[in-house]
Amino acid sequence: MRAGFDVDVFGDKGGETTKRCSVISIYEDLRGRELLLRLCDSLLWKFNGDLDLHFEWWRFKYLADPEIAMEAAQSAAQADVILLAAESAELPMEIQTWIEGWLPNRVAPDGALVLVQPS
């Protein structure tokens, strides 16, 4: 699996410091989690030394809990990359509602929202 991210999306890497990139992985089931694990391993390999990747993991079913949903929403509003692993391109209504709830509060001006599905 190859990732096609351009490092410039996350800032100028011309200096000595490594840029931090936060990646939120949100998955529907264990199959989706495994898919995201492989993708995140690929990102670590591809950007080794260029980016300090920081990962958080959230399962769809746990976002039904208001406290967990709020914590995940705060992270997502600040994330550089949000990876969603779902069985279908049509996200469950509760996940769509969750995204719509925090999206207006997004702090980060740039970022990527990626739907990852098994081929």
# chains A, B, ... in the order shown; residues from 1 in each chain; ligands from 1
call {"tool": "residues_around", "arguments": {"residues": "region 46-60 of chain A", "least_positions_apart": "2", "cutoff": "8 Å", "atoms": "only C-alpha atoms", "output": "PyMOL selection string"}}
result
chain A and resi 3+7+13+18-29+42-44+62-64+72+95
call {"tool": "select_by_dssp", "arguments": {"residues": "chain A", "states": "alpha helix (DSSP H)", "output": "PyMOL selection string"}}
result
chain A and resi 30-46+66-78+93-102
call {"tool": "closest_residue", "arguments": {"among": "A:Leu91, A:Ala85, A:Val116, A:Met70", "to": "Leu30 (chain A)", "atoms": "only C-alpha atoms"}}
result
A:Ala85
call {"tool": "closest_residue", "arguments": {"among": "A:Val114, A:Pro109, A:Ala77, A:Leu103", "to": "Leu39 (chain A)", "atoms": "only C-alpha atoms"}}
result
A:Val114
call {"tool": "select_by_dssp", "arguments": {"residues": "chain A", "states": "strand (DSSP E or B)", "output": "ChimeraX atom specification"}}
result
/A:19-27,51-59,81-85,112-116
call {"tool": "closest_residue", "arguments": {"among": "A:Gln96, A:Gly101, A:Asp65, A:Ala108", "to": "Leu84 (chain A)", "atoms": "only C-alpha atoms"}}
result
A:Gln96
call {"tool": "atom_distance", "arguments": {"atom1": "CA of Arg31 (chain A)", "atom2": "CA of Arg106 (chain A)"}}
result
28.4 Å
